[in-house]
>>> print(open('run.cif').read())   # mmCIF, C-alpha atoms
data_protein
#
loop_
_atom_site.group_PDB
_atom_site.id
_atom_site.type_symbol
_atom_site.label_atom_id
_atom_site.label_comp_id
_atom_site.auth_asym_id
_atom_site.auth_seq_id
_atom_site.Cartn_x
_atom_site.Cartn_y
_atom_site.Cartn_z
ATOM 1 C CA MET A 1 0.000 0.000 0.000
ATOM 2 C CA VAL A 2 1.133 3.518 -0.840
ATOM 3 C CA LYS A 3 0.013 6.635 0.990
ATOM 4 C CA MET A 4 -1.262 9.315 -1.425
ATOM 5 C CA ARG A 5 -2.739 12.765 -0.932
ATOM 6 C CA LEU A 6 -4.965 15.151 -2.885
ATOM 7 C CA ALA A 7 -5.431 18.487 -1.102
ATOM 8 C CA ASN A 8 -6.474 17.420 2.419
ATOM 9 C CA ILE A 9 -7.588 13.903 1.418
ATOM 10 C CA GLU A 10 -5.148 11.127 2.242
ATOM 11 C CA ARG A 11 -5.631 7.518 1.103
ATOM 12 C CA GLU A 12 -3.870 4.177 1.259
ATOM 13 C CA VAL A 13 -3.690 2.953 -2.344
ATOM 14 C CA PRO A 14 -2.623 -0.480 -3.637
ATOM 15 C CA GLU A 15 0.656 -0.256 -5.545
ATOM 16 C CA ASP A 16 -0.969 -1.314 -8.812
ATOM 17 C CA GLN A 17 -3.359 1.662 -8.586
ATOM 18 C CA VAL A 18 -0.743 4.413 -8.051
ATOM 19 C CA LEU A 19 -0.720 5.556 -11.702
ATOM 20 C CA ARG A 20 -4.511 5.771 -11.724
ATOM 21 C CA PHE A 21 -4.488 8.036 -8.680
ATOM 22 C CA LYS A 22 -1.565 10.125 -10.013
ATOM 23 C CA GLY A 23 -3.668 10.727 -13.101
ATOM 24 C CA LYS A 24 -6.378 12.157 -10.865
ATOM 25 C CA GLY A 25 -3.924 14.573 -9.246
ATOM 26 C CA TYR A 26 -2.888 12.603 -6.158
ATOM 27 C CA HIS A 27 0.726 12.743 -4.973
ATOM 28 C CA ILE A 28 2.654 10.101 -3.074
ATOM 29 C CA VAL A 29 3.485 11.050 0.505
ATOM 30 C CA GLY A 30 5.958 9.320 2.756
ATOM 31 C CA GLY A 31 9.643 8.867 3.335
ATOM 32 C CA SER A 32 11.203 7.250 0.255
ATOM 33 C CA VAL A 33 13.408 9.157 -2.198
ATOM 34 C CA GLU A 34 10.761 8.921 -4.923
ATOM 35 C CA ASN A 35 8.124 10.237 -2.565
ATOM 36 C CA THR A 36 10.057 13.409 -1.746
ATOM 37 C CA GLU A 37 9.718 14.591 -5.346
ATOM 38 C CA GLN A 38 5.934 15.135 -5.115
ATOM 39 C CA GLY A 39 5.313 11.805 -6.804
ATOM 40 C CA GLY A 40 8.178 11.927 -9.285
ATOM 41 C CA SER A 41 8.466 13.395 -12.751
ATOM 42 C CA LEU A 42 6.303 12.407 -15.694
ATOM 43 C CA ALA A 43 9.475 12.159 -17.785
ATOM 44 C CA GLU A 44 10.596 9.235 -15.596
ATOM 45 C CA LEU A 45 7.562 7.174 -16.614
ATOM 46 C CA LYS A 46 7.552 4.734 -19.527
ATOM 47 C CA LEU A 47 5.481 5.474 -22.638
ATOM 48 C CA GLU A 48 2.939 2.800 -21.722
ATOM 49 C CA GLU A 49 2.498 4.334 -18.258
ATOM 50 C CA LEU A 50 1.982 7.758 -19.839
ATOM 51 C CA LYS A 51 -0.648 6.290 -22.152
ATOM 52 C CA VAL A 52 -2.509 4.845 -19.164
ATOM 53 C CA MET A 53 -2.418 8.274 -17.536
ATOM 54 C CA ALA A 54 -3.657 9.933 -20.755
ATOM 55 C CA LYS A 55 -6.557 7.490 -20.942
ATOM 56 C CA GLU A 56 -7.495 8.101 -17.301
ATOM 57 C CA ARG A 57 -7.415 11.878 -17.866
ATOM 58 C CA GLY A 58 -9.736 11.510 -20.830
ATOM 59 C CA LEU A 59 -7.285 12.697 -23.493
ATOM 60 C CA GLN A 60 -8.148 11.732 -27.062
ATOM 61 C CA ASN A 61 -5.890 10.787 -29.973
ATOM 62 C CA TYR A 62 -2.954 9.898 -27.731
ATOM 63 C CA SER A 63 -2.235 6.372 -28.941
ATOM 64 C CA SER A 64 -0.029 7.485 -31.859
ATOM 65 C CA CYS A 65 1.979 9.986 -29.767
ATOM 66 C CA ASN A 66 5.641 9.426 -29.039
ATOM 67 C CA LYS A 67 6.876 9.990 -25.475
ATOM 68 C CA GLU A 68 7.822 13.669 -25.955
ATOM 69 C CA GLU A 69 4.482 14.526 -27.583
ATOM 70 C CA LEU A 70 2.547 12.725 -24.884
ATOM 71 C CA LEU A 71 4.540 14.433 -22.125
ATOM 72 C CA ALA A 72 3.716 17.823 -23.663
ATOM 73 C CA ARG A 73 0.011 16.977 -23.781
ATOM 74 C CA LEU A 74 -0.077 15.660 -20.209
ATOM 75 C CA GLU A 75 1.724 18.767 -18.948
ATOM 76 C CA GLY A 76 -0.749 20.979 -20.829
ATOM 77 C CA GLU A 77 1.820 22.380 -23.259
ATOM 78 C CA ALA A 78 0.244 20.923 -26.422
ATOM 79 C CA ASP A 79 -3.202 20.735 -27.977
ATOM 80 C CA ASP A 80 -5.141 17.601 -28.907
ATOM 81 C CA GLY A 81 -3.465 15.301 -31.383
ATOM 82 C CA CYS A 82 0.078 14.265 -32.145
#
>>> encode(input="run.cif", output="structure tokens")
Amino acid sequence: MVKMRLANIEREVPEDQVLRFKGKGYHIVGGSVENTEQGGSLAELKLEELKVMAKERGLQNYSSCNKEELLARLEGEADDGC
């Protein structure tokens, strides 16, 4: 289980659900090195993990994106489409 927080809501989340909750805006809290970076950087994730996040955020036309294009869309720096 991983402790995650969104605003003042804190939850214990199964490890296989962390990406789903990150996609909703939750951040990992706790004492590990990864946790001190507010949940880590999107750039550290694999393309498949980014695609899962894009799907959970409701983005469209993301399946043909490369990693850089998808990162830009997830960070709000690019419009729909790749």
>>> atom_distance(input="run.cif", atom1="atom CA of A:Phe21", atom2="atom CA of A:Leu50")
12.9 Å
>>> atom_distance(input="run.cif", atom1="atom CA of A:Glu75", atom2="atom CA of A:Ser63")
16.4 Å
>>> atom_distance(input="run.cif", atom1="atom CA of A:Lys67", atom2="atom CA of A:Ala54")
11.5 Å
>>> residues_around(input="run.cif", residues="stretch 45-47 of chain A", least_positions_apart="5", cutoff="12 Å", atoms="only C-alpha atoms", output="count of residues only")
18
>>> residues_around(input="run.cif", residues="A:Ala7", least_positions_apart="5", cutoff="12 Å", atoms="only C-alpha atoms", output="NGL selection string")
:A and (24-29)
>>> write_last_selection(input="run.cif", atoms="C-alpha atoms", output="short mmCIF file (atom, residue, chain, number, x, y, z; two decimals), in the frame of the given file")
data_model
loop_
_atom_site.label_atom_id
_atom_site.label_comp_id
_atom_site.auth_asym_id
_atom_site.auth_seq_id
_atom_site.Cartn_x
_atom_site.Cartn_y
_atom_site.Cartn_z
CA LYS A 24 -6.38 12.16 -10.86
CA GLY A 25 -3.92 14.57 -9.25
CA TYR A 26 -2.89 12.60 -6.16
CA HIS A 27 0.73 12.74 -4.97
CA ILE A 28 2.65 10.10 -3.07
CA VAL A 29 3.48 11.05 0.50
#
>>> resolve_selection(input="run.cif", expression="the PyMOL selection byres ((chain A and resi 11) around 10)", output="ChimeraX atom specification")
/A:1-6,9-10,12-14,21,26,28-29
